[in-house]
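Visitor: Okay, so here is entry_7.txt, and as you'll see once you scroll down, it has compact mmCIF, C-alpha atoms.
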# COMPACT_ATOMS: atom_id res chain seq x y z
CA MET A 23 -19.55 38.84 -0.36
CA ARG A 24 -15.95 38.94 0.82
CA GLY A 25 -14.32 40.41 -2.27
CA GLN A 26 -10.78 39.45 -1.37
CA ALA A 27 -9.86 35.99 -0.07
CA PRO A 28 -8.79 35.60 3.61
CA ASP A 29 -5.16 34.94 2.57
CA LYS A 30 -5.21 38.31 0.70
CA GLY A 31 -5.18 36.50 -2.64
CA LEU A 32 -7.94 36.45 -5.26
CA TYR A 33 -10.77 33.96 -5.52
CA PHE A 34 -10.65 31.70 -8.58
CA PRO A 35 -13.04 28.97 -9.79
CA GLU A 36 -12.08 25.42 -8.81
CA HIS A 37 -13.28 24.24 -12.23
CA ILE A 38 -13.72 26.13 -15.51
CA PRO A 39 -16.89 24.90 -17.25
CA VAL A 40 -16.44 23.87 -20.89
CA PHE A 41 -19.34 24.24 -23.34
CA ASP A 42 -20.22 21.74 -26.03
CA SER A 43 -19.55 23.07 -29.55
CA SER A 44 -23.31 22.97 -30.26
CA PHE A 45 -23.75 25.86 -27.82
CA PHE A 46 -21.72 28.12 -30.13
CA HIS A 47 -23.36 26.81 -33.32
CA ASN A 48 -26.86 27.58 -32.01
CA MET A 49 -26.07 30.91 -30.38
CA GLU A 50 -27.58 33.13 -33.07
CA GLU A 51 -31.00 31.64 -32.30
CA MET A 52 -30.69 32.26 -28.53
CA GLU A 53 -31.79 35.36 -26.63
CA ASP A 54 -28.93 37.38 -25.07
CA GLU A 55 -30.29 36.79 -21.57
CA GLU A 56 -30.41 33.02 -22.10
CA ILE A 57 -26.77 33.02 -23.32
CA ALA A 58 -25.73 35.01 -20.23
CA TYR A 59 -27.66 32.63 -17.96
CA GLN A 60 -25.94 29.58 -19.47
CA VAL A 61 -22.53 31.26 -19.10
CA ILE A 62 -22.86 32.31 -15.43
CA GLN A 63 -25.01 29.49 -14.00
CA PRO A 64 -22.14 26.94 -13.59
CA TYR A 65 -20.31 29.49 -11.37
CA VAL A 66 -23.42 30.34 -9.33
CA GLY A 67 -24.57 26.75 -8.78
CA GLU A 68 -27.27 26.61 -6.08
CA ALA A 69 -26.16 29.86 -4.39
CA ILE A 70 -28.90 31.92 -6.10
CA PRO A 71 -32.25 30.40 -7.17
CA SER A 72 -32.68 30.18 -10.94
CA LYS A 73 -35.66 32.56 -11.05
CA ILE A 74 -33.74 35.28 -9.12
CA LEU A 75 -30.58 34.76 -11.19
CA ARG A 76 -32.59 35.25 -14.38
CA LYS A 77 -34.06 38.47 -12.92
CA ILE A 78 -30.55 39.71 -12.04
CA ILE A 79 -29.40 38.99 -15.63
CA HIS A 80 -32.48 40.71 -17.06
CA GLU A 81 -31.67 43.89 -15.08
CA THR A 82 -27.95 43.61 -15.90
CA LEU A 83 -28.43 43.38 -19.68
CA SER A 84 -31.02 46.13 -20.03
CA PHE A 85 -29.05 47.89 -22.80
CA PRO A 86 -27.54 46.77 -26.13
CA ILE A 87 -23.96 45.49 -26.63
CA PRO A 88 -23.52 45.90 -30.42
CA LEU A 89 -20.62 44.73 -32.58
CA VAL A 90 -20.11 47.57 -35.09
CA LYS A 91 -18.13 47.36 -38.35
CA VAL A 92 -15.38 50.03 -38.62
CA ASN A 93 -13.67 48.71 -41.77
CA GLU A 94 -13.36 45.43 -43.69
CA ASN A 95 -11.14 43.77 -41.08
CA ILE A 96 -11.89 45.59 -37.82
CA PHE A 97 -15.06 45.73 -35.73
CA SER A 98 -15.81 47.57 -32.49
CA LEU A 99 -17.55 45.86 -29.56
CA GLU A 100 -19.36 48.83 -28.00
CA LEU A 101 -19.73 48.43 -24.26
CA PHE A 102 -20.75 52.02 -23.50
CA HIS A 103 -24.53 51.87 -23.94
CA GLY A 104 -25.26 51.41 -20.21
CA PRO A 105 -26.29 54.08 -17.67
CA THR A 106 -22.75 55.36 -16.97
CA LEU A 107 -21.51 54.92 -20.56
CA ALA A 108 -18.79 52.41 -19.62
CA PHE A 109 -18.17 48.66 -19.85
CA LYS A 110 -18.19 48.34 -16.08
CA ASP A 111 -21.97 48.83 -15.97
CA VAL A 112 -22.48 45.11 -16.65
CA GLY A 113 -20.27 43.89 -13.79
CA ALA A 114 -21.42 46.59 -11.36
CA ARG A 115 -25.12 45.93 -12.01
CA PHE A 116 -24.70 42.16 -11.71
CA MET A 117 -22.67 42.43 -8.53
CA SER A 118 -24.92 44.99 -6.81
CA ARG A 119 -27.97 42.79 -7.36
CA CYS A 120 -26.16 39.66 -6.11
CA LEU A 121 -25.01 41.57 -3.04
CA GLY A 122 -28.54 42.86 -2.46
CA TYR A 123 -29.86 39.29 -2.63
CA PHE A 124 -27.25 37.88 -0.22
CA SER A 125 -27.63 40.80 2.23
CA GLY A 126 -31.37 40.14 2.32
CA GLN A 127 -30.74 36.45 3.06
CA ASP A 128 -28.57 37.23 6.09
CA ALA A 129 -30.13 40.01 8.17
CA ARG A 130 -27.67 39.31 11.01
CA ARG A 131 -24.83 40.67 8.90
CA GLY A 132 -25.97 44.27 9.38
CA ARG A 133 -24.81 47.05 7.13
CA THR A 134 -22.43 46.21 4.30
CA VAL A 135 -19.75 48.68 3.19
CA VAL A 136 -18.60 48.40 -0.43
CA LEU A 137 -15.07 49.85 -0.60
CA VAL A 138 -13.62 50.50 -4.04
CA ALA A 139 -10.69 52.25 -5.71
CA THR A 140 -11.21 53.68 -9.18
CA SER A 141 -8.97 54.91 -11.98
CA GLY A 142 -12.02 56.24 -13.82
CA ASP A 143 -15.03 54.21 -14.88
CA THR A 144 -15.39 51.79 -11.97
CA GLY A 145 -16.47 54.60 -9.61
CA GLY A 146 -19.38 55.79 -11.72
CA ALA A 147 -20.57 52.27 -12.55
CA VAL A 148 -20.43 51.15 -8.91
CA ALA A 149 -22.11 54.35 -7.68
CA ASN A 150 -24.93 53.89 -10.19
CA GLY A 151 -25.26 50.14 -9.58
CA PHE A 152 -25.47 50.45 -5.78
CA TYR A 153 -27.32 53.77 -5.52
CA ASN A 154 -30.10 53.45 -2.93
CA VAL A 155 -29.46 49.69 -2.41
CA LYS A 156 -30.83 49.03 1.05
CA GLY A 157 -28.32 48.22 3.80
CA VAL A 158 -25.28 49.04 1.63
CA GLU A 159 -22.93 52.04 1.97
CA VAL A 160 -20.47 52.66 -0.88
CA VAL A 161 -17.08 54.37 -0.40
CA ILE A 162 -15.16 55.23 -3.59
CA LEU A 163 -11.50 56.33 -3.54
CA TYR A 164 -10.29 58.14 -6.66
CA PRO A 165 -7.01 59.95 -7.50
CA SER A 166 -7.40 63.75 -7.44
CA GLY A 167 -7.09 65.34 -10.91
CA LYS A 168 -6.57 61.98 -12.63
CA VAL A 169 -10.12 61.09 -13.70
CA SER A 170 -12.05 62.89 -16.45
CA SER A 171 -14.56 65.60 -15.53
CA VAL A 172 -17.52 63.43 -16.61
CA GLN A 173 -16.21 60.44 -14.64
CA GLU A 174 -15.81 62.63 -11.56
CA LYS A 175 -19.36 63.97 -11.87
CA GLN A 176 -20.73 60.44 -12.13
CA LEU A 177 -19.20 59.31 -8.87
CA THR A 178 -19.55 62.50 -6.79
CA THR A 179 -23.08 63.79 -7.47
CA LEU A 180 -25.39 61.02 -6.27
CA GLY A 181 -25.15 61.44 -2.48
CA LYS A 182 -27.30 59.29 -0.15
CA ASN A 183 -25.39 55.99 0.36
CA ILE A 184 -22.57 56.91 -2.09
CA HIS A 185 -19.44 58.54 -0.55
CA ALA A 186 -16.53 59.82 -2.68
CA LEU A 187 -13.01 60.24 -1.28
CA GLU A 188 -10.66 62.35 -3.43
CA VAL A 189 -7.13 61.09 -2.72
CA ARG A 190 -4.04 63.25 -3.29
CA GLY A 191 -2.16 60.44 -5.05
CA ASN A 192 -2.54 57.98 -7.94
CA PHE A 193 -4.73 54.91 -8.53
CA ASP A 194 -2.17 52.52 -7.03
CA ASP A 195 -2.22 54.61 -3.81
CA CYS A 196 -6.02 54.32 -3.73
CA GLN A 197 -5.87 50.56 -4.32
CA LEU A 198 -3.25 50.14 -1.59
CA LEU A 199 -5.48 51.97 0.92
CA VAL A 200 -8.38 49.68 0.02
CA LYS A 201 -6.19 46.58 0.45
CA GLN A 202 -5.01 47.87 3.86
CA ALA A 203 -8.63 48.18 4.96
CA PHE A 204 -9.40 44.61 3.90
CA ALA A 205 -6.31 43.38 5.77
CA ASP A 206 -7.26 45.26 8.99
CA GLU A 207 -8.79 42.56 11.21
CA ALA A 208 -9.96 45.02 13.88
CA LEU A 209 -11.84 47.08 11.28
CA ASN A 210 -13.37 43.99 9.69
CA GLN A 211 -14.77 42.89 13.05
CA LYS A 212 -16.71 46.17 13.28
CA LEU A 213 -17.83 46.48 9.62
CA PHE A 214 -18.71 44.03 6.88
CA LEU A 215 -16.39 45.18 4.09
CA THR A 216 -16.57 43.98 0.51
CA SER A 217 -14.96 45.14 -2.75
CA ALA A 218 -16.53 46.14 -6.07
CA ASN A 219 -13.25 46.22 -8.00
CA SER A 220 -12.69 43.49 -10.56
CA ILE A 221 -10.89 41.52 -7.83
CA ASN A 222 -14.45 40.61 -6.74
CA ILE A 223 -15.64 37.57 -8.71
CA ALA A 224 -19.20 38.94 -9.00
CA ARG A 225 -17.74 41.94 -10.88
CA TRP A 226 -15.26 39.88 -12.87
CA LEU A 227 -17.16 36.75 -14.01
CA PRO A 228 -20.14 38.47 -15.75
CA GLN A 229 -17.71 40.35 -17.99
CA GLN A 230 -17.62 37.09 -19.96
CA PHE A 231 -21.07 38.07 -21.31
CA TYR A 232 -19.45 40.60 -23.68
CA TYR A 233 -17.38 37.99 -25.47
CA PHE A 234 -20.16 35.43 -25.90
CA LEU A 235 -22.53 38.13 -27.20
CA ALA A 236 -19.81 39.36 -29.56
CA TRP A 237 -19.45 35.83 -30.99
CA LYS A 238 -23.23 35.70 -31.53
CA GLN A 239 -22.84 38.79 -33.76
CA TRP A 240 -19.48 37.89 -35.37
CA PRO A 241 -20.08 37.66 -39.14
CA HIS A 242 -17.06 35.46 -39.95
CA LYS A 243 -17.89 32.29 -38.00
CA LYS A 244 -15.38 30.18 -39.95
CA HIS A 245 -12.59 32.55 -38.84
CA PRO A 246 -12.52 33.24 -35.07
CA PRO A 247 -11.62 36.85 -34.20
CA VAL A 248 -8.45 38.40 -32.89
CA ILE A 249 -9.63 40.37 -29.83
CA SER A 250 -7.86 43.52 -28.63
CA VAL A 251 -8.82 44.62 -25.12
CA PRO A 252 -7.77 47.97 -23.57
CA SER A 253 -6.18 46.72 -20.35
CA GLY A 254 -5.57 48.41 -17.00
CA ASN A 255 -6.29 46.13 -14.05
CA PHE A 256 -6.70 43.19 -16.52
CA GLY A 257 -10.16 42.07 -15.31
CA ASN A 258 -11.85 42.51 -18.70
CA ILE A 259 -9.27 40.65 -20.80
CA CYS A 260 -9.05 37.98 -18.11
CA ALA A 261 -12.82 37.41 -18.47
CA GLY A 262 -12.29 37.10 -22.23
CA ILE A 263 -9.52 34.54 -21.78
CA LEU A 264 -11.72 32.63 -19.28
CA SER A 265 -14.47 32.56 -21.95
CA HIS A 266 -11.95 31.08 -24.40
CA ALA A 267 -10.97 28.45 -21.81
CA SER A 268 -14.69 27.55 -21.73
CA GLY A 269 -14.64 26.86 -25.47
CA LEU A 270 -15.40 30.28 -27.01
CA PRO A 271 -13.74 30.42 -30.46
CA VAL A 272 -10.98 33.07 -30.39
CA GLN A 273 -7.92 33.30 -32.64
CA TYR A 274 -5.77 35.47 -30.37
CA PHE A 275 -5.90 38.10 -27.60
CA ILE A 276 -4.04 41.40 -27.43
CA ALA A 277 -3.73 43.20 -24.09
CA ALA A 278 -3.70 46.79 -25.36
CA CYS A 279 -1.90 48.91 -22.76
CA ASN A 280 -0.89 52.56 -22.62
CA VAL A 281 2.61 53.46 -21.37
CA ASN A 282 1.89 51.66 -18.08
CA ASP A 283 3.57 48.56 -19.46
CA ALA A 284 4.22 46.12 -16.57
CA VAL A 285 2.57 43.25 -18.49
CA PRO A 286 4.05 43.98 -21.96
CA GLU A 287 7.49 44.03 -20.29
CA PHE A 288 6.75 40.77 -18.45
CA LEU A 289 5.77 39.03 -21.69
CA LYS A 290 9.05 40.23 -23.27
CA THR A 291 11.40 39.46 -20.38
CA GLY A 292 9.64 36.81 -18.24
CA LYS A 293 10.16 39.03 -15.17
CA TYR A 294 7.17 40.70 -13.54
CA GLN A 295 8.08 44.12 -12.17
CA PRO A 296 5.33 46.41 -10.79
CA LYS A 297 5.91 50.01 -11.89
CA LYS A 298 5.00 53.46 -10.64
CA THR A 299 1.84 54.64 -12.40
CA ILE A 300 2.26 57.17 -15.23
CA PRO A 301 -0.79 59.44 -15.86
CA THR A 302 -2.17 59.28 -19.43
CA ILE A 303 -5.23 60.38 -21.41
CA SER A 304 -6.50 56.76 -21.25
CA ASN A 305 -6.67 57.13 -17.48
CA ALA A 306 -8.76 54.04 -16.65
CA MET A 307 -5.73 52.00 -17.76
CA ASP A 308 -3.23 53.88 -15.58
CA VAL A 309 -2.33 50.87 -13.43
CA GLY A 310 1.26 50.00 -12.57
CA ASP A 311 0.56 46.68 -10.82
CA PRO A 312 -2.57 45.04 -12.32
CA SER A 313 -4.35 42.79 -9.80
CA ASN A 314 -6.02 40.40 -12.25
CA PHE A 315 -2.93 39.33 -14.17
CA VAL A 316 -2.38 36.54 -11.63
CA ARG A 317 -5.77 35.12 -12.66
CA ILE A 318 -4.62 34.97 -16.29
CA LEU A 319 -1.52 33.05 -15.15
CA GLU A 320 -3.82 30.71 -13.19
CA ILE A 321 -5.97 29.96 -16.26
CA PHE A 322 -2.81 28.76 -18.01
CA GLU A 323 -1.50 27.07 -14.84
CA GLU A 324 1.52 29.38 -15.18
CA ASP A 325 2.58 27.70 -18.43
CA MET A 326 4.23 30.65 -20.20
CA SER A 327 4.47 28.93 -23.59
CA GLU A 328 0.68 28.30 -23.60
CA LEU A 329 0.04 31.87 -22.45
CA LYS A 330 2.18 33.36 -25.23
CA ARG A 331 0.47 31.15 -27.82
CA ILE A 332 -2.81 33.02 -27.29
CA LEU A 333 -1.81 36.39 -25.77
CA SER A 334 0.52 39.29 -26.50
CA ALA A 335 0.57 42.82 -25.13
CA SER A 336 1.25 46.21 -26.68
CA SER A 337 2.14 49.63 -25.27
CA ILE A 338 0.73 52.76 -26.94
CA THR A 339 1.75 56.37 -26.20
CA ASP A 340 -0.62 59.34 -25.73
CA GLU A 341 0.65 60.82 -29.00
CA GLU A 342 -0.19 57.62 -30.89
CA THR A 343 -3.60 57.52 -29.16
CA LYS A 344 -4.43 61.08 -30.28
CA LYS A 345 -3.32 60.42 -33.87
CA THR A 346 -5.50 57.29 -33.99
CA ILE A 347 -8.63 59.12 -32.74
CA LYS A 348 -8.11 61.82 -35.37
CA LYS A 349 -7.32 59.42 -38.22
CA ILE A 350 -10.17 56.95 -37.63
CA PHE A 351 -12.73 59.75 -37.27
CA LYS A 352 -11.58 61.28 -40.55
CA GLN A 353 -11.18 58.01 -42.43
CA TYR A 354 -14.19 55.98 -41.23
CA HIS A 355 -16.38 58.55 -39.39
CA TYR A 356 -16.04 56.37 -36.29
CA LEU A 357 -15.34 58.14 -33.00
CA LEU A 358 -13.01 56.41 -30.54
CA ASP A 359 -12.47 57.25 -26.90
CA PRO A 360 -8.80 57.22 -25.74
CA HIS A 361 -9.08 53.64 -24.42
CA GLY A 362 -10.76 52.32 -27.56
CA ALA A 363 -8.07 54.08 -29.62
CA VAL A 364 -5.36 52.10 -27.80
CA GLY A 365 -7.33 48.92 -28.56
CA PHE A 366 -7.85 49.86 -32.23
CA LEU A 367 -4.21 50.72 -32.93
CA SER A 368 -2.94 47.56 -31.21
CA LEU A 369 -5.31 45.44 -33.32
CA GLU A 370 -4.52 47.29 -36.55
CA ARG A 371 -0.78 46.72 -36.07
CA TYR A 372 -1.30 43.00 -35.40
CA LEU A 373 -3.56 42.55 -38.45
CA LYS A 374 -1.02 44.29 -40.71
CA LYS A 375 1.41 41.48 -39.86
CA ASN A 376 -1.33 38.80 -40.11
CA LYS A 377 -3.27 39.88 -43.21
CA GLU A 378 -5.46 36.76 -43.40
CA LEU A 379 -7.08 37.53 -40.00
CA LYS A 380 -9.92 39.81 -38.83
CA GLY A 381 -10.82 40.98 -35.35
CA PHE A 382 -12.53 43.37 -33.01
CA PHE A 383 -11.38 45.77 -30.33
CA VAL A 384 -13.34 46.52 -27.19
CA GLU A 385 -14.64 50.10 -27.02
CA THR A 386 -14.92 50.46 -23.27
CA ALA A 387 -16.35 53.98 -22.80
CA HIS A 388 -18.35 56.61 -24.65
CA PRO A 389 -16.05 59.31 -26.15
CA VAL A 390 -18.10 62.05 -24.42
CA LYS A 391 -16.58 60.95 -21.10
CA PHE A 392 -13.29 62.31 -22.46
CA PHE A 393 -14.67 65.28 -24.41
CA ASP A 394 -11.85 67.52 -23.15
CA VAL A 395 -9.36 65.22 -24.94
CA VAL A 396 -11.42 64.14 -27.96
CA GLU A 397 -13.19 67.34 -29.08
CA PRO A 398 -9.98 69.34 -29.80
CA LEU A 399 -8.73 66.42 -31.92
CA ILE A 400 -11.81 66.08 -34.13
CA GLU A 401 -12.63 69.84 -33.97
CA GLU A 402 -16.29 69.04 -33.27
CA LYS A 403 -18.59 68.95 -30.26
CA ILE A 404 -19.70 65.50 -29.12
CA PRO A 405 -23.47 65.43 -28.45
CA LEU A 406 -24.20 64.73 -24.79
CA PRO A 407 -26.21 61.52 -24.17
CA ALA A 408 -29.24 62.03 -21.91
CA SER A 409 -27.62 60.14 -19.00
CA VAL A 410 -24.79 62.71 -18.88
CA GLN A 411 -26.87 65.86 -19.53
CA GLY A 412 -28.56 65.45 -16.18
CA ILE A 413 -25.38 65.42 -14.07
CA MET A 414 -23.08 68.06 -15.56
CA ASP A 415 -24.67 70.92 -13.57
CA LYS A 416 -25.01 68.96 -10.34
CA LYS A 417 -22.89 69.86 -7.31
CA MET A 418 -20.02 67.51 -6.52
CA GLU A 419 -19.70 66.16 -2.98
CA THR A 420 -16.25 64.84 -2.13
CA THR A 421 -14.03 64.44 0.91
CA LYS A 422 -10.40 65.32 0.18
CA MET A 423 -7.73 63.19 1.84
CA GLU A 424 -4.01 62.45 1.77
CA VAL A 425 -2.67 58.91 1.24
CA ASP A 426 -3.38 58.21 4.92
CA TYR A 427 -4.85 54.89 6.06
CA ASN A 428 -5.79 56.18 9.53
CA PHE A 429 -7.98 58.87 7.94
CA LEU A 430 -9.72 56.23 5.79
CA LYS A 431 -10.26 53.96 8.79
CA GLU A 432 -11.85 56.76 10.86
CA PHE A 433 -14.07 57.71 7.92
CA LEU A 434 -15.31 54.13 7.56
CA LEU A 435 -16.02 53.75 11.27
CA LYS A 436 -18.15 56.93 11.26
CA LEU A 437 -20.46 55.72 8.47
Take the structure in the file and give it back as structure tokens.

Guide:
Amino acid sequence: MRGQAPDKGLYFPEHIPVFDSSFFHNMEEMEDEEIAYQVIQPYVGEAIPSKILRKIIHETLSFPIPLVKVNENIFSLELFHGPTLAFKDVGARFMSRCLGYFSGQDARRGRTVVLVATSGDTGGAVANGFYNVKGVEVVILYPSGKVSSVQEKQLTTLGKNIHALEVRGNFDDCQLLVKQAFADEALNQKLFLTSANSINIARWLPQQFYYFLAWKQWPHKKHPPVISVPSGNFGNICAGILSHASGLPVQYFIAACNVNDAVPEFLKTGKYQPKKTIPTISNAMDVGDPSNFVRILEIFEEDMSELKRILSASSITDEETKKTIKKIFKQYHYLLDPHGAVGFLSLERYLKKNKELKGFFVETAHPVKFFDVVEPLIEEKIPLPASVQGIMDKKMETTKMEVDYNFLKEFLLKL
């Protein structure tokens, strides 16, 4: 419910559950919802009754998460089959239903305000997940001109309890404003504020589902996969590494970054230096100071040698991203979005040096969300999925603002 911890740090499990190897051997015979229930239940404990938790999982996993073969050595884990065509649908749907349950249990709490910063896909997924949820207002801050046109439509056209603030700045500015609001004790006495960014454990922990369901489909069970994850705020790859800490068979992880390379530099030098965000065509990864990286360090108890044994990071330019989209479409008739392209290229480079291995990259969003980038490269129109067709002609409703905390505070108090 709180999102961020009272000391301004991030919540982290006291214990990481470890599964018996039989769980992984029998997974192909299990239903997806049962796998997800087994994965999340140790973290939920008695907080949500089993019957309600199963219902939440049923509603969360109401779309497929297929592992698709691209070539002999590389597969794509497609996470874009949900209502907003992005991987964040799983976490947003799970969290919104948990929040709805807890709000209903405590009527004294009054109205809850979900405050979130987005670099792209989080906004649409949160807006969709919380739309019309009783007793919850959602305020989404996004950087003006730095999200794709489809992403912007998804977070600005719903209305009702969804409010979009267009900030004249970058994602880090938006995130800083959100953190200021959570740190403002006077504001928090008047409103019940919570976060829907991946700093919130109810958004972060269910992202483990992807990796367990990928293993269920992995055709090379004797050879665990190398997993390449497009990484911005590092919540998704952190969930993958947490799954591995619970016993999930994984050979290696690659944090596939664009030119926002704070983590790749840290892994090279041992010094963590937040950087000013650089805008790219893989905009959801335009993060100069990723919040969740501290959780990855916590999983390894800050043992850098253990961390480097299982994780490396790459940095891919926009030019390399475009070339990859073009090449893979031509060569394999597989269409990447700019984030998936960063993941693919990072994995391909690693496998060239480690020829005996195979792996998958995480395809985090449908290419149509970036049609203005992708279509000129492949010289074809991308068919619009039904969920997008309905919003492209809708009127956007946004409130423009400078990077000004006082403006945000007044806006929140007027809700």

Visitor: At a cut-off of 8 Å, using only C-alpha atoms, what residues contact A:Gly146? Leave out same-chain residues fewer than 3 positions from it and give the result as an NGL selection string.

Guide: :A and (106 or 142-143 or 149-150 or 173-174 or 176-177)

Visitor: Show me as a list in words the residues that reach within 9 Å of (-6.4, 37.2, -25.3), counting all atoms listed in the file and using the file's own coordinates.

Guide: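 These residues have at least one counted atom within 9 Å: Val248, Ile249, Ser250, Val251, Ile259, Cys260, Gly262, Ile263, His266, Val272, Gln273, Tyr274, Phe275, Ile276, Ala277, Leu329, Ile332, Leu333, Ser334 and Ala335 of chain A.
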
Visitor: Choose the residue, out of A:Phe152, A:Tyr123, A:Phe97, A:Tyr354, that has the smallest atom-to-atom separation from A:Lys380; count all atoms listed in the file.

Guide: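 Going through A:Phe152, A:Tyr123, A:Phe97, A:Tyr354 one by one, the smallest distance to A:Lys380 is for A:Phe97.
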
Visitor: Name the closest residue to A:Pro252 among the candidates A:Gly104, A:Met326, A:Val309, A:Val136; distances are taken between atoms, counting all atoms listed in the file.

Guide: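 Result for the nearest residue to A:Pro252: A:Val309.
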
Visitor: Provide the atom CA of A:Val200 to atom CA of A:Val410 distance in Å, to one decimal place.

Guide: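 Computed distance, atom CA of A:Val200 to atom CA of A:Val410, equals 28.2 Å.
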
Visitor: Would you mind writing stretch 48-64 of chain A with N, CA and C atoms, as an mmCIF file, keeping the file's coordinate frame?

Guide:
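The resulting file, part03.cif, is shown below:
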data_model
loop_
_atom_site.group_PDB
_atom_site.id
_atom_site.type_symbol
_atom_site.label_atom_id
_atom_site.label_comp_id
_atom_site.auth_asym_id
_atom_site.auth_seq_id
_atom_site.Cartn_x
_atom_site.Cartn_y
_atom_site.Cartn_z
ATOM 1 N N ASN A 48 -25.449 27.187 -32.117
ATOM 2 C CA ASN A 48 -26.860 27.580 -32.010
ATOM 3 C C ASN A 48 -27.067 28.970 -31.416
ATOM 4 N N MET A 49 -25.977 29.666 -31.149
ATOM 5 C CA MET A 49 -26.070 30.910 -30.380
ATOM 6 C C MET A 49 -26.898 31.995 -31.053
ATOM 7 N N GLU A 50 -26.841 32.070 -32.368
ATOM 8 C CA GLU A 50 -27.580 33.130 -33.070
ATOM 9 C C GLU A 50 -29.082 33.031 -32.856
ATOM 10 N N GLU A 51 -29.557 31.828 -32.532
ATOM 11 C CA GLU A 51 -31.000 31.640 -32.300
ATOM 12 C C GLU A 51 -31.385 31.895 -30.848
ATOM 13 N N MET A 52 -30.410 32.081 -29.962
ATOM 14 C CA MET A 52 -30.690 32.260 -28.530
ATOM 15 C C MET A 52 -30.836 33.736 -28.168
ATOM 16 N N GLU A 53 -31.675 34.008 -27.175
ATOM 17 C CA GLU A 53 -31.790 35.360 -26.630
ATOM 18 C C GLU A 53 -30.518 35.679 -25.841
ATOM 19 N N ASP A 54 -30.136 36.964 -25.810
ATOM 20 C CA ASP A 54 -28.930 37.380 -25.070
ATOM 21 C C ASP A 54 -28.993 36.954 -23.608
ATOM 22 N N GLU A 55 -30.164 37.111 -22.996
ATOM 23 C CA GLU A 55 -30.290 36.790 -21.570
ATOM 24 C C GLU A 55 -30.123 35.292 -21.315
ATOM 25 N N GLU A 56 -30.565 34.471 -22.252
ATOM 26 C CA GLU A 56 -30.410 33.020 -22.100
ATOM 27 C C GLU A 56 -28.933 32.637 -22.235
ATOM 28 N N ILE A 57 -28.217 33.272 -23.182
ATOM 29 C CA ILE A 57 -26.770 33.020 -23.320
ATOM 30 C C ILE A 57 -26.065 33.378 -22.019
ATOM 31 N N ALA A 58 -26.365 34.568 -21.473
ATOM 32 C CA ALA A 58 -25.730 35.010 -20.230
ATOM 33 C C ALA A 58 -26.041 34.058 -19.079
ATOM 34 N N TYR A 59 -27.268 33.573 -19.025
ATOM 35 C CA TYR A 59 -27.660 32.630 -17.960
ATOM 36 C C TYR A 59 -26.830 31.346 -18.061
ATOM 37 N N GLN A 60 -26.707 30.818 -19.283
ATOM 38 C CA GLN A 60 -25.940 29.580 -19.470
ATOM 39 C C GLN A 60 -24.466 29.775 -19.096
ATOM 40 N N VAL A 61 -23.937 30.973 -19.377
ATOM 41 C CA VAL A 61 -22.530 31.260 -19.100
ATOM 42 C C VAL A 61 -22.271 31.342 -17.588
ATOM 43 N N ILE A 62 -23.147 32.024 -16.854
ATOM 44 C CA ILE A 62 -22.860 32.310 -15.430
ATOM 45 C C ILE A 62 -23.370 31.219 -14.494
ATOM 46 N N GLN A 63 -24.389 30.442 -14.908
ATOM 47 C CA GLN A 63 -25.010 29.490 -14.000
ATOM 48 C C GLN A 63 -24.028 28.469 -13.396
ATOM 49 N N PRO A 64 -23.075 27.909 -14.196
ATOM 50 C CA PRO A 64 -22.140 26.940 -13.590
ATOM 51 C C PRO A 64 -21.319 27.533 -12.435
#
